[in-house]
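File shown: input-v4.cif (mmCIF, C-alpha atoms (C1' of nucleotides)).
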data_work
loop_
_atom_site.label_atom_id
_atom_site.label_comp_id
_atom_site.auth_asym_id
_atom_site.auth_seq_id
_atom_site.Cartn_x
_atom_site.Cartn_y
_atom_site.Cartn_z
CA MET A 20 5.37 -102.42 -55.60
CA THR A 21 1.71 -102.89 -54.80
CA VAL A 22 -0.24 -99.68 -54.50
CA ALA A 23 -2.77 -98.79 -51.84
CA SER A 24 -6.15 -99.80 -53.17
CA PRO A 25 -9.35 -97.81 -53.03
CA VAL A 26 -11.27 -101.04 -52.45
CA PHE A 27 -10.22 -104.17 -50.61
CA PRO A 28 -6.46 -103.93 -50.37
CA ALA A 29 -4.45 -106.91 -51.56
CA LEU A 30 -3.55 -109.12 -48.64
CA THR A 31 0.10 -108.28 -49.26
CA HIS A 32 0.23 -104.64 -50.15
CA ASP A 33 2.73 -101.97 -49.22
CA HIS A 34 0.95 -101.01 -46.06
CA ASP A 35 3.69 -98.72 -44.81
CA GLY A 36 3.30 -96.76 -48.01
CA CYS A 37 -0.44 -96.74 -47.44
CA VAL A 38 0.02 -95.16 -44.02
CA ARG A 39 2.66 -92.69 -45.18
CA ALA A 40 0.41 -91.55 -48.01
CA ALA A 41 -2.49 -91.06 -45.64
CA LEU A 42 -0.40 -89.03 -43.21
CA ASP A 43 1.04 -86.89 -45.98
CA ALA A 44 -2.41 -86.22 -47.37
CA ALA A 45 -3.55 -85.30 -43.87
CA GLU A 46 -0.69 -82.83 -43.39
CA GLN A 47 -1.52 -81.18 -46.67
CA ARG A 48 -5.22 -81.02 -46.09
CA CYS A 49 -4.83 -79.57 -42.60
CA GLY A 50 -2.25 -77.10 -43.86
CA ARG A 51 -4.64 -75.84 -46.52
CA ARG A 52 -7.50 -75.55 -44.08
CA GLY A 53 -5.55 -73.95 -41.26
CA ALA A 54 -6.29 -76.89 -38.97
CA ARG A 55 -3.68 -78.05 -36.49
CA LEU A 56 -2.65 -81.65 -36.97
CA THR A 57 -0.91 -81.93 -33.62
CA THR A 58 1.39 -84.77 -32.56
CA LEU A 59 -1.43 -86.48 -30.72
CA ARG A 60 -3.91 -86.17 -33.56
CA ARG A 61 -1.34 -87.33 -36.06
CA ARG A 62 -0.52 -90.29 -33.87
CA VAL A 63 -4.17 -91.29 -33.55
CA LEU A 64 -4.60 -91.05 -37.30
CA GLU A 65 -1.57 -93.28 -37.74
CA LEU A 66 -3.01 -95.82 -35.32
CA VAL A 67 -6.30 -95.83 -37.18
CA TRP A 68 -4.42 -96.47 -40.40
CA ASN A 69 -2.40 -99.31 -38.95
CA SER A 70 -4.96 -101.71 -40.35
CA HIS A 71 -7.74 -101.64 -42.88
CA GLU A 72 -10.07 -102.97 -40.26
CA PRO A 73 -12.15 -100.57 -38.22
CA VAL A 74 -10.68 -99.72 -34.83
CA GLY A 75 -12.62 -98.96 -31.68
CA ALA A 76 -11.91 -95.89 -29.59
CA TYR A 77 -10.81 -97.97 -26.64
CA ALA A 78 -8.40 -99.99 -28.75
CA LEU A 79 -6.80 -96.71 -29.79
CA LEU A 80 -6.74 -95.65 -26.17
CA ASP A 81 -4.94 -98.84 -25.18
CA ALA A 82 -2.42 -98.33 -27.97
CA LEU A 83 -1.70 -94.81 -26.78
CA LYS A 84 -1.30 -95.94 -23.20
CA ALA A 85 1.01 -98.76 -24.31
CA GLU A 86 3.42 -96.22 -25.74
CA GLY A 87 3.42 -94.12 -22.60
CA GLN A 88 1.10 -91.39 -23.80
CA ALA A 89 -1.00 -90.19 -20.85
CA SER A 90 -4.52 -90.89 -22.01
CA ALA A 91 -8.13 -91.21 -20.97
CA PRO A 92 -11.22 -91.65 -23.14
CA PRO A 93 -11.56 -87.93 -23.94
CA THR A 94 -8.03 -87.87 -25.34
CA VAL A 95 -9.00 -90.31 -28.03
CA TYR A 96 -12.53 -89.10 -28.63
CA ARG A 97 -11.36 -85.54 -29.09
CA ALA A 98 -8.69 -86.54 -31.56
CA LEU A 99 -11.24 -88.63 -33.46
CA GLU A 100 -13.69 -85.75 -33.47
CA PHE A 101 -11.06 -83.55 -35.06
CA LEU A 102 -10.14 -86.18 -37.63
CA LEU A 103 -13.80 -86.69 -38.50
CA GLU A 104 -14.29 -82.95 -38.97
CA GLN A 105 -11.30 -82.81 -41.27
CA GLY A 106 -12.60 -85.76 -43.26
CA LEU A 107 -9.55 -87.86 -42.43
CA VAL A 108 -11.40 -90.73 -40.83
CA HIS A 109 -14.89 -92.16 -41.03
CA ARG A 110 -17.03 -93.61 -38.30
CA LEU A 111 -18.78 -96.92 -38.89
CA GLU A 112 -22.03 -96.74 -36.99
CA ARG A 113 -22.78 -100.42 -37.03
CA LEU A 114 -19.44 -101.19 -35.45
CA ASN A 115 -18.83 -98.16 -33.25
CA ALA A 116 -15.44 -98.01 -34.87
CA PHE A 117 -13.29 -95.89 -37.13
CA VAL A 118 -11.37 -96.27 -40.38
CA GLY A 119 -9.05 -93.99 -42.28
CA CYS A 120 -10.63 -92.15 -45.16
CA ALA A 121 -9.51 -93.48 -48.51
CA ARG A 122 -10.01 -90.16 -50.32
CA PRO A 123 -9.25 -87.31 -47.95
CA GLU A 124 -8.61 -85.03 -50.93
CA GLU A 125 -12.16 -84.58 -52.10
CA ALA A 126 -15.54 -84.12 -50.50
CA HIS A 127 -17.66 -87.22 -50.93
CA ALA A 128 -20.60 -89.17 -49.62
CA ALA A 129 -19.02 -92.48 -48.76
CA GLN A 130 -20.47 -95.94 -48.62
CA PHE A 131 -18.83 -98.83 -46.83
CA LEU A 132 -18.57 -102.52 -47.54
CA ILE A 133 -17.90 -104.44 -44.35
CA CYS A 134 -16.70 -108.02 -44.71
CA THR A 135 -18.12 -109.94 -41.76
CA THR A 136 -15.68 -112.76 -42.38
CA CYS A 137 -12.30 -111.01 -42.36
CA GLY A 138 -13.39 -107.73 -40.80
CA ARG A 139 -11.88 -105.53 -43.49
CA VAL A 140 -13.75 -102.53 -44.79
CA ALA A 141 -13.74 -101.01 -48.26
CA GLU A 142 -14.77 -97.45 -48.87
CA LEU A 143 -16.90 -96.82 -51.91
CA ASP A 144 -17.64 -93.44 -53.35
CA ASP A 145 -20.24 -94.50 -55.83
CA PRO A 146 -22.11 -91.55 -57.34
CA ALA A 147 -24.90 -93.87 -58.50
CA ILE A 148 -25.71 -94.88 -54.94
CA ASP A 149 -25.55 -91.29 -53.79
CA ALA A 150 -27.82 -90.26 -56.66
CA ALA A 151 -30.36 -93.00 -55.93
CA LEU A 152 -30.52 -91.83 -52.33
CA GLN A 153 -30.93 -88.18 -53.27
CA VAL A 154 -33.71 -89.05 -55.70
CA GLY A 155 -35.52 -91.26 -53.20
CA ALA A 156 -35.34 -88.56 -50.55
CA GLU A 157 -36.34 -85.72 -52.86
CA ARG A 158 -39.40 -87.63 -53.96
CA LEU A 159 -40.64 -87.15 -50.38
CA GLY A 160 -39.48 -83.56 -50.19
CA PHE A 161 -36.71 -84.55 -47.80
CA THR A 162 -33.45 -82.59 -47.84
CA VAL A 163 -30.37 -84.70 -47.20
CA THR A 164 -27.54 -83.42 -45.03
CA HIS A 165 -25.73 -86.65 -44.23
CA GLN A 166 -25.74 -90.27 -45.34
CA THR A 167 -24.83 -93.42 -43.49
CA VAL A 168 -24.50 -96.33 -45.88
CA GLU A 169 -22.92 -99.48 -44.49
CA VAL A 170 -23.27 -102.79 -46.27
CA GLU A 171 -22.35 -106.06 -44.64
CA GLY A 172 -21.41 -109.16 -46.55
CA CYS A 173 -18.50 -111.18 -47.84
CA CYS A 174 -15.52 -109.78 -49.73
CA PRO A 175 -14.07 -111.47 -52.84
CA ASP A 176 -11.01 -112.82 -51.00
CA CYS A 177 -13.12 -114.51 -48.35
CA GLN A 178 -15.51 -115.94 -50.93
CA ARG A 179 -12.56 -117.55 -52.69
CA ALA A 180 -11.18 -118.81 -49.39
CA LEU A 181 -14.51 -120.34 -48.42
CA LEU A 182 -14.74 -122.25 -51.71
CA SER A 183 -11.36 -123.95 -51.42
CA MET B 7 -60.05 -90.35 -41.16
CA THR B 8 -56.36 -89.95 -41.87
CA VAL B 9 -54.56 -93.15 -42.66
CA ALA B 10 -51.22 -94.29 -41.34
CA SER B 11 -48.61 -93.15 -43.85
CA PRO B 12 -45.67 -95.12 -45.16
CA VAL B 13 -43.59 -91.92 -45.12
CA PHE B 14 -43.75 -89.00 -42.73
CA PRO B 15 -47.12 -89.32 -41.03
CA ALA B 16 -49.36 -86.29 -41.01
CA LEU B 17 -48.95 -84.39 -37.77
CA THR B 18 -52.56 -85.23 -36.95
CA HIS B 19 -53.12 -88.77 -38.07
CA ASP B 20 -55.07 -91.57 -36.48
CA HIS B 21 -52.19 -92.80 -34.43
CA ASP B 22 -54.25 -95.25 -32.38
CA GLY B 23 -55.23 -96.90 -35.64
CA CYS B 24 -51.59 -96.89 -36.62
CA VAL B 25 -50.66 -98.79 -33.48
CA ARG B 26 -53.57 -101.19 -33.69
CA ALA B 27 -52.70 -102.02 -37.29
CA ALA B 28 -49.10 -102.68 -36.35
CA LEU B 29 -50.08 -104.97 -33.48
CA ASP B 30 -52.56 -106.87 -35.62
CA ALA B 31 -49.97 -107.35 -38.34
CA ALA B 32 -47.53 -108.57 -35.70
CA GLU B 33 -50.00 -111.12 -34.32
CA GLN B 34 -50.62 -112.45 -37.81
CA ARG B 35 -47.00 -112.60 -38.78
CA CYS B 36 -45.98 -114.37 -35.58
CA GLY B 37 -48.90 -116.77 -35.93
CA ARG B 38 -47.81 -117.74 -39.42
CA ARG B 39 -44.21 -118.18 -38.37
CA GLY B 40 -44.91 -120.07 -35.17
CA ALA B 41 -43.24 -117.37 -33.10
CA ARG B 42 -44.59 -116.48 -29.68
CA LEU B 43 -45.66 -112.87 -29.37
CA THR B 44 -45.91 -112.93 -25.59
CA THR B 45 -47.50 -110.24 -23.45
CA LEU B 46 -44.15 -108.65 -22.77
CA ARG B 47 -43.04 -108.66 -26.38
CA ARG B 48 -46.36 -107.32 -27.51
CA ARG B 49 -46.18 -104.59 -24.90
CA VAL B 50 -42.69 -103.56 -25.99
CA LEU B 51 -43.81 -103.44 -29.61
CA GLU B 52 -46.70 -101.24 -28.59
CA LEU B 53 -44.36 -98.90 -26.71
CA VAL B 54 -42.10 -98.66 -29.73
CA TRP B 55 -45.10 -97.75 -31.85
CA ASN B 56 -46.31 -95.09 -29.45
CA SER B 57 -44.46 -92.53 -31.53
CA HIS B 58 -42.95 -92.29 -34.96
CA GLU B 59 -39.72 -91.20 -33.39
CA PRO B 60 -37.07 -93.74 -32.60
CA VAL B 61 -37.07 -94.93 -28.99
CA GLY B 62 -34.03 -95.95 -27.00
CA ALA B 63 -33.90 -99.22 -25.09
CA TYR B 64 -33.67 -97.44 -21.76
CA ALA B 65 -36.68 -95.27 -22.53
CA LEU B 66 -38.64 -98.47 -23.14
CA LEU B 67 -37.25 -99.85 -19.91
CA ASP B 68 -38.44 -96.80 -17.98
CA ALA B 69 -41.88 -97.09 -19.57
CA LEU B 70 -42.14 -100.73 -18.51
CA LYS B 71 -41.03 -99.93 -14.99
CA ALA B 72 -43.52 -97.06 -14.80
CA GLU B 73 -46.35 -99.49 -15.38
CA GLY B 74 -45.14 -101.87 -12.70
CA GLN B 75 -43.58 -104.46 -15.00
CA ALA B 76 -40.50 -105.89 -13.27
CA SER B 77 -37.73 -105.02 -15.69
CA ALA B 78 -34.01 -104.74 -16.14
CA PRO B 79 -32.05 -104.05 -19.33
CA PRO B 80 -32.10 -107.67 -20.53
CA THR B 81 -35.90 -107.66 -20.38
CA VAL B 82 -36.06 -104.97 -23.01
CA TYR B 83 -33.09 -106.05 -25.09
CA ARG B 84 -34.42 -109.58 -25.38
CA ALA B 85 -37.84 -108.39 -26.44
CA LEU B 86 -36.23 -106.09 -29.01
CA GLU B 87 -34.05 -108.91 -30.28
CA PHE B 88 -37.15 -111.01 -30.86
CA LEU B 89 -38.97 -108.16 -32.59
CA LEU B 90 -35.96 -107.51 -34.81
CA GLU B 91 -35.77 -111.18 -35.78
CA GLN B 92 -39.46 -111.15 -36.66
CA GLY B 93 -39.01 -108.02 -38.75
CA LEU B 94 -41.41 -106.06 -36.57
CA VAL B 95 -39.01 -103.31 -35.59
CA HIS B 96 -35.87 -101.79 -37.06
CA ARG B 97 -32.79 -100.56 -35.31
CA LEU B 98 -31.35 -97.18 -36.23
CA GLU B 99 -27.60 -97.49 -35.85
CA ARG B 100 -26.87 -93.80 -35.83
CA LEU B 101 -29.27 -93.24 -32.96
CA ASN B 102 -29.00 -96.48 -31.01
CA ALA B 103 -32.74 -96.55 -31.13
CA PHE B 104 -35.68 -98.48 -32.51
CA VAL B 105 -38.74 -97.82 -34.66
CA GLY B 106 -41.67 -99.96 -35.66
CA CYS B 107 -41.43 -101.50 -39.10
CA ALA B 108 -43.78 -99.88 -41.56
CA ARG B 109 -44.12 -102.99 -43.73
CA PRO B 110 -43.92 -106.07 -41.52
CA GLU B 111 -45.75 -108.10 -44.17
CA GLU B 112 -43.00 -108.36 -46.73
CA ALA B 113 -39.26 -108.88 -46.70
CA HIS B 114 -37.44 -105.71 -47.65
CA ALA B 115 -34.19 -103.83 -47.49
CA ALA B 116 -35.21 -100.66 -45.74
CA GLN B 117 -33.75 -97.20 -45.87
CA PHE B 118 -34.47 -94.53 -43.30
CA LEU B 119 -34.91 -90.78 -43.49
CA ILE B 120 -34.20 -89.19 -40.13
CA CYS B 121 -35.35 -85.62 -39.64
CA THR B 122 -32.82 -83.97 -37.35
CA THR B 123 -35.25 -81.14 -36.65
CA CYS B 124 -38.36 -82.95 -35.43
CA GLY B 125 -36.82 -86.35 -34.77
CA ARG B 126 -39.33 -88.30 -36.82
CA VAL B 127 -38.21 -91.14 -39.04
CA ALA B 128 -39.65 -92.32 -42.35
CA GLU B 129 -39.03 -95.78 -43.65
CA LEU B 130 -38.32 -96.08 -47.33
CA ASP B 131 -38.31 -99.30 -49.26
CA ASP B 132 -36.89 -97.95 -52.47
CA PRO B 133 -35.87 -100.71 -54.87
CA ALA B 134 -33.74 -98.25 -56.84
CA ILE B 135 -31.52 -97.56 -53.83
CA ASP B 136 -31.29 -101.24 -53.06
CA ALA B 137 -30.40 -101.96 -56.69
CA ALA B 138 -27.72 -99.24 -56.79
CA LEU B 139 -26.14 -100.74 -53.70
CA GLN B 140 -26.22 -104.26 -55.07
CA VAL B 141 -24.64 -103.13 -58.31
CA GLY B 142 -21.93 -101.13 -56.57
CA ALA B 143 -21.08 -104.07 -54.34
CA GLU B 144 -21.14 -106.65 -57.12
CA ARG B 145 -18.77 -104.58 -59.18
CA LEU B 146 -16.19 -105.37 -56.47
CA GLY B 147 -17.24 -108.99 -56.17
CA PHE B 148 -18.79 -108.29 -52.80
CA THR B 149 -21.82 -110.31 -51.69
CA VAL B 150 -24.33 -108.33 -49.67
CA THR B 151 -26.06 -109.86 -46.67
CA HIS B 152 -27.35 -106.76 -44.90
CA GLN B 153 -27.70 -103.04 -45.55
CA THR B 154 -27.73 -100.11 -43.21
CA VAL B 155 -28.95 -96.98 -44.96
CA GLU B 156 -29.77 -94.01 -42.76
CA VAL B 157 -30.09 -90.55 -44.20
CA GLU B 158 -30.20 -87.46 -42.03
CA GLY B 159 -31.77 -84.23 -43.11
CA CYS B 160 -34.90 -82.13 -42.92
CA CYS B 161 -38.41 -83.41 -43.57
CA PRO B 162 -40.98 -81.47 -45.65
CA ASP B 163 -42.99 -80.35 -42.62
CA CYS B 164 -39.95 -78.89 -40.89
CA GLN B 165 -38.78 -77.16 -44.07
CA ARG B 166 -42.14 -75.45 -44.33
CA ALA B 167 -42.06 -74.52 -40.66
CA LEU B 168 -38.58 -73.03 -40.97
CA LEU B 169 -39.65 -70.83 -43.87
CA SER B 170 -42.57 -69.22 -42.11
"C1'" DG C 15 9.78 -60.08 -25.36
"C1'" DA C 16 5.40 -59.52 -22.29
"C1'" DC C 17 0.57 -60.27 -22.46
"C1'" DG C 18 -3.85 -61.84 -23.18
"C1'" DT C 19 -6.66 -64.93 -25.88
"C1'" DT C 20 -7.68 -69.11 -27.85
"C1'" DG C 21 -7.46 -73.68 -28.47
"C1'" DC C 22 -5.41 -78.17 -27.03
"C1'" DT C 23 -4.58 -81.63 -23.57
"C1'" DG C 24 -4.88 -83.86 -18.92
"C1'" DT C 25 -7.77 -85.57 -15.37
"C1'" DT C 26 -11.67 -87.08 -12.75
"C1'" DA C 27 -16.06 -88.42 -12.72
"C1'" DT C 28 -20.12 -90.14 -14.73
"C1'" DA C 29 -23.65 -91.07 -18.37
"C1'" DT C 30 -25.37 -94.19 -21.80
"C1'" DT C 31 -25.80 -98.44 -24.20
"C1'" DA C 32 -25.41 -103.42 -24.10
"C1'" DT C 33 -24.40 -108.23 -22.56
"C1'" DA C 34 -23.00 -112.33 -19.54
"C1'" DA C 35 -24.45 -115.71 -16.44
"C1'" DC C 36 -27.50 -118.16 -13.80
"C1'" DA C 37 -31.99 -118.96 -11.41
"C1'" DA C 38 -36.92 -119.26 -11.61
"C1'" DT C 39 -41.01 -119.90 -14.20
"C1'" DC C 40 -44.08 -120.87 -17.87
"C1'" DC C 41 -46.00 -123.70 -21.43
"C1'" DA C 42 -46.69 -126.95 -25.00
"C1'" DA C 43 -46.04 -131.84 -26.35
"C1'" DG C 44 -45.98 -136.33 -25.17
"C1'" DC D 23 -48.59 -135.02 -15.02
"C1'" DT D 24 -44.12 -134.37 -16.25
"C1'" DT D 25 -40.44 -133.23 -18.83
"C1'" DG D 26 -37.79 -130.33 -21.98
"C1'" DG D 27 -37.26 -126.08 -24.14
"C1'" DA D 28 -38.25 -121.37 -24.31
"C1'" DT D 29 -39.15 -117.22 -21.72
"C1'" DT D 30 -38.48 -114.11 -18.03
"C1'" DG D 31 -36.27 -112.33 -13.67
"C1'" DT D 32 -32.16 -110.85 -11.39
"C1'" DT D 33 -27.53 -109.44 -10.46
"C1'" DA D 34 -23.48 -107.98 -12.08
"C1'" DT D 35 -20.51 -106.00 -15.37
"C1'" DA D 36 -18.74 -104.76 -20.02
"C1'" DA D 37 -18.29 -101.43 -23.69
"C1'" DT D 38 -18.99 -96.97 -25.54
"C1'" DA D 39 -19.20 -91.99 -24.85
"C1'" DT D 40 -19.41 -87.32 -22.66
"C1'" DA D 41 -19.38 -83.45 -19.00
"C1'" DA D 42 -16.76 -80.35 -16.48
"C1'" DC D 43 -12.89 -78.07 -15.13
"C1'" DA D 44 -7.82 -77.27 -14.64
"C1'" DG D 45 -3.37 -76.57 -16.70
"C1'" DC D 46 -0.62 -75.55 -20.54
"C1'" DA D 47 1.01 -74.35 -25.19
"C1'" DA D 48 0.69 -71.70 -29.45
"C1'" DC D 49 -0.40 -67.44 -31.68
"C1'" DG D 50 -1.18 -62.70 -32.59
"C1'" DT D 51 -0.77 -57.95 -30.71
"C1'" DC D 52 1.52 -54.51 -28.80
#
The structure in this file should be written as structure tokens.
Amino acid sequence: MTVASPVFPALTHDHDGCVRAALDAAEQRCGRRGARLTTLRRRVLELVWNSHEPVGAYALLDALKAEGQASAPPTVYRALEFLLEQGLVHRLERLNAFVGCARPEEAHAAQFLICTTCGRVAELDDPAIDAALQVGAERLGFTVTHQTVEVEGCCPDCQRALLS
Amino acid sequence: MTVASPVFPALTHDHDGCVRAALDAAEQRCGRRGARLTTLRRRVLELVWNSHEPVGAYALLDALKAEGQASAPPTVYRALEFLLEQGLVHRLERLNAFVGCARPEEAHAAQFLICTTCGRVAELDDPAIDAALQVGAERLGFTVTHQTVEVEGCCPDCQRALLS
DNA sequence: GACGTTGCTGTTATATTATAACAATCCAAG
DNA sequence: CTTGGATTGTTATAATATAACAGCAACGTC
């Protein structure tokens, strides 16, 4: 079986396993932290994980409505806010969209690679990038509280596809 | 006289000089590139430069209206699009707002330090950060076309102010 | 188990940011 | 001068996000 990848997932990977793993990790993390992963929140997390592409809030809203869940924008935004707080999803600022967090276990300053060809996103957690940022900021006496690092470009799969 | 700073400008710096320098650089750059820095575009650039804080598109729109310029959202967004293309302003994704480019002369991958206390923004052009990103991306076979690096935190001035 | 408190969800309304589409105008090149 | 392309004006609307309040469910305390 193919395992969920921390970078660009294989085009044919066990995505159901991917989602299950994410939901299990979420249950555990919320349990430990005394946070309530309600049915709605769990469902939104699952919807976010349904692809490795970022999902917009209104796409999630439509999905909820489609399955009969009474929903309006705040329904989705509140669930997302919770999931962000718990470190279970990330927000991509350039896209106004959300992806599941690849490493909900540990605290981390994430960086994202966004393939503008296929739309997939890979989450990096590269300490070297983080360090370079900290150093650059410190040199100006600036104290960092949060980083947004989003890199656009072309993923390996799409580069191969474009050559052939 | 205090000179325009590439990082956080002194609280009392020659801001008029700052703006004039930016407009002059813009004229030159557009001249060289055969781009038309029209009255409207020049005026929008000037409004962006009126502070070192990021400005939203609708704030610019209000400013234009206030001075009698017939304006609607497309007026401002089109001017901003032009200025972005020419490398004269940057867009801050986290804030949906715009700042003047500190180094319109040269091509560069910019990083931004956003002070969440005073709202000012400093533009970095730190090759080490750029390099770390390139390396991290290459390691996955990812080709970078654009970077968004926005760091939130507390600037030196505000740290001092908070201590006293 | 009743009760109050807290947090979660539903609902309506609205704010904020951004773009589509087409008409009018300007301007530079021939 | 006129013609073609770029720029601006104008109207309408799309897409993203939040405020405010009401109802309800879960949780601890007695």
Take the point (-19.1, -82.0, -7.0) as written in the file and pick out every residue within 12 Å of it, counting all atoms listed in the file; give the list as a ChimeraX atom specification. /C:26-28 /D:42-43
How would you write as a list of chain:residue names the residues that get within 12 Å of (-34.8, -78.7, -44.0) in the file's frame, counting all atoms listed in the file? A:Ala156, A:Glu157, A:Gly160, A:Phe161, A:Thr162, A:Val163, A:Thr164, B:Ile120, B:Cys121, B:Thr122, B:Thr123, B:Cys124, B:Glu158, B:Gly159, B:Cys160, B:Cys161, B:Pro162, B:Asp163, B:Cys164, B:Gln165, B:Arg166, B:Ala167, B:Leu168, B:Leu169
Name the residues that the PyMOL selection byres ((chain A and resi 140) around 9) pulls out of this structure, and write them as an MDAnalysis selection string. chainID A and resid 26:27 71:73 118 131:134 137:139 141:142 174
Contact residues around C:DT39 with all atoms listed in the file at 12 Å, ignoring same-chain residues under 3 positions, as JSON, numbers by chain: {"D": [28, 29, 30, 31]}
Could you make a table, as JSON lines, of the residues of chain B that have an atom within 9 Å of an atom of chain D, each with its nearest atom pair and distance in Å to one decimal, counting only C-alpha atoms (C1' of nucleotides), in chain and number order?
{"residue": "B:Thr44", "atom": "CA", "partner": "D:DT29", "partner_atom": "C1'", "distance": 8.9}
{"residue": "B:Ala76", "atom": "CA", "partner": "D:DG31", "partner_atom": "C1'", "distance": 7.7}
{"residue": "B:Ser77", "atom": "CA", "partner": "D:DG31", "partner_atom": "C1'", "distance": 7.7}
{"residue": "B:Ala78", "atom": "CA", "partner": "D:DT32", "partner_atom": "C1'", "distance": 8.0}
{"residue": "B:Thr81", "atom": "CA", "partner": "D:DT30", "partner_atom": "C1'", "distance": 7.3}
Answer key for the PyMOL selection byres ((chain B and resi 153) around 12), residues as a PyMOL selection string: (chain A and resi 113+130-133+167-172) or (chain B and resi 96-99+114-118+131+135-140+143+149-152+154-156)
Run the PyMOL selection byres ((chain B) within 12 of (chain C)) on the file and write out the hits as an NGL selection string. :B and (42 or 44 or 62-65 or 78-84 or 87 or 99 or 101-103)
Pairwise distance for atom CA of B:His19 and atom CA of B:Leu46, rounded to one decimal in Å: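 So the answer is 26.6 Å.
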Atom pair atom CA of A:Leu159 / atom CA of B:Cys24: separation (Å):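 Result for atom CA of A:Leu159 versus atom CA of B:Cys24: 20.1 Å, one decimal.
Counting all atoms listed in the file and comparing A:Leu99, A:Pro28, A:Arg51, A:Ala121, the residue that lies closest to chain B is A:Pro28.
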One number please: atom CA of A:Val74 to atom CA of A:Phe117, in Å, one decimal.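 Rounded to one decimal, the two atoms are 5.2 Å apart.
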Take stretch 20-33 of chain B, model N, CA and C atoms, and hand the result over as a CSV table (one decimal), in the coordinates of the input.
chain,number,residue,atom,x,y,z
B,20,ASP,N,-54.4,-90.7,-37.4
B,20,ASP,CA,-55.1,-91.6,-36.5
B,20,ASP,C,-54.0,-92.5,-35.9
B,21,HIS,N,-53.3,-92.0,-34.9
B,21,HIS,CA,-52.2,-92.8,-34.4
B,21,HIS,C,-52.6,-94.1,-33.7
B,22,ASP,N,-53.8,-94.0,-33.0
B,22,ASP,CA,-54.2,-95.2,-32.4
B,22,ASP,C,-54.5,-96.3,-33.4
B,23,GLY,N,-55.0,-95.9,-34.6
B,23,GLY,CA,-55.2,-96.9,-35.6
B,23,GLY,C,-53.9,-97.5,-36.1
B,24,CYS,N,-53.0,-96.6,-36.3
B,24,CYS,CA,-51.6,-96.9,-36.6
B,24,CYS,C,-51.0,-98.0,-35.7
B,25,VAL,N,-51.2,-97.8,-34.4
B,25,VAL,CA,-50.7,-98.8,-33.5
B,25,VAL,C,-51.4,-100.1,-33.6
B,26,ARG,N,-52.8,-100.0,-33.6
B,26,ARG,CA,-53.6,-101.2,-33.7
B,26,ARG,C,-53.2,-102.0,-34.9
B,27,ALA,N,-53.0,-101.3,-36.0
B,27,ALA,CA,-52.7,-102.0,-37.3
B,27,ALA,C,-51.4,-102.7,-37.1
B,28,ALA,N,-50.4,-102.1,-36.5
B,28,ALA,CA,-49.1,-102.7,-36.4
B,28,ALA,C,-49.2,-103.9,-35.5
B,29,LEU,N,-50.0,-103.8,-34.4
B,29,LEU,CA,-50.1,-105.0,-33.5
B,29,LEU,C,-50.8,-106.1,-34.2
B,30,ASP,N,-51.8,-105.8,-34.9
B,30,ASP,CA,-52.6,-106.9,-35.6
B,30,ASP,C,-51.6,-107.6,-36.6
B,31,ALA,N,-50.9,-106.8,-37.4
B,31,ALA,CA,-50.0,-107.4,-38.3
B,31,ALA,C,-48.9,-108.2,-37.6
B,32,ALA,N,-48.5,-107.8,-36.5
B,32,ALA,CA,-47.5,-108.6,-35.7
B,32,ALA,C,-48.1,-109.9,-35.3
B,33,GLU,N,-49.3,-109.9,-34.7
B,33,GLU,CA,-50.0,-111.1,-34.3
B,33,GLU,C,-50.0,-112.1,-35.5
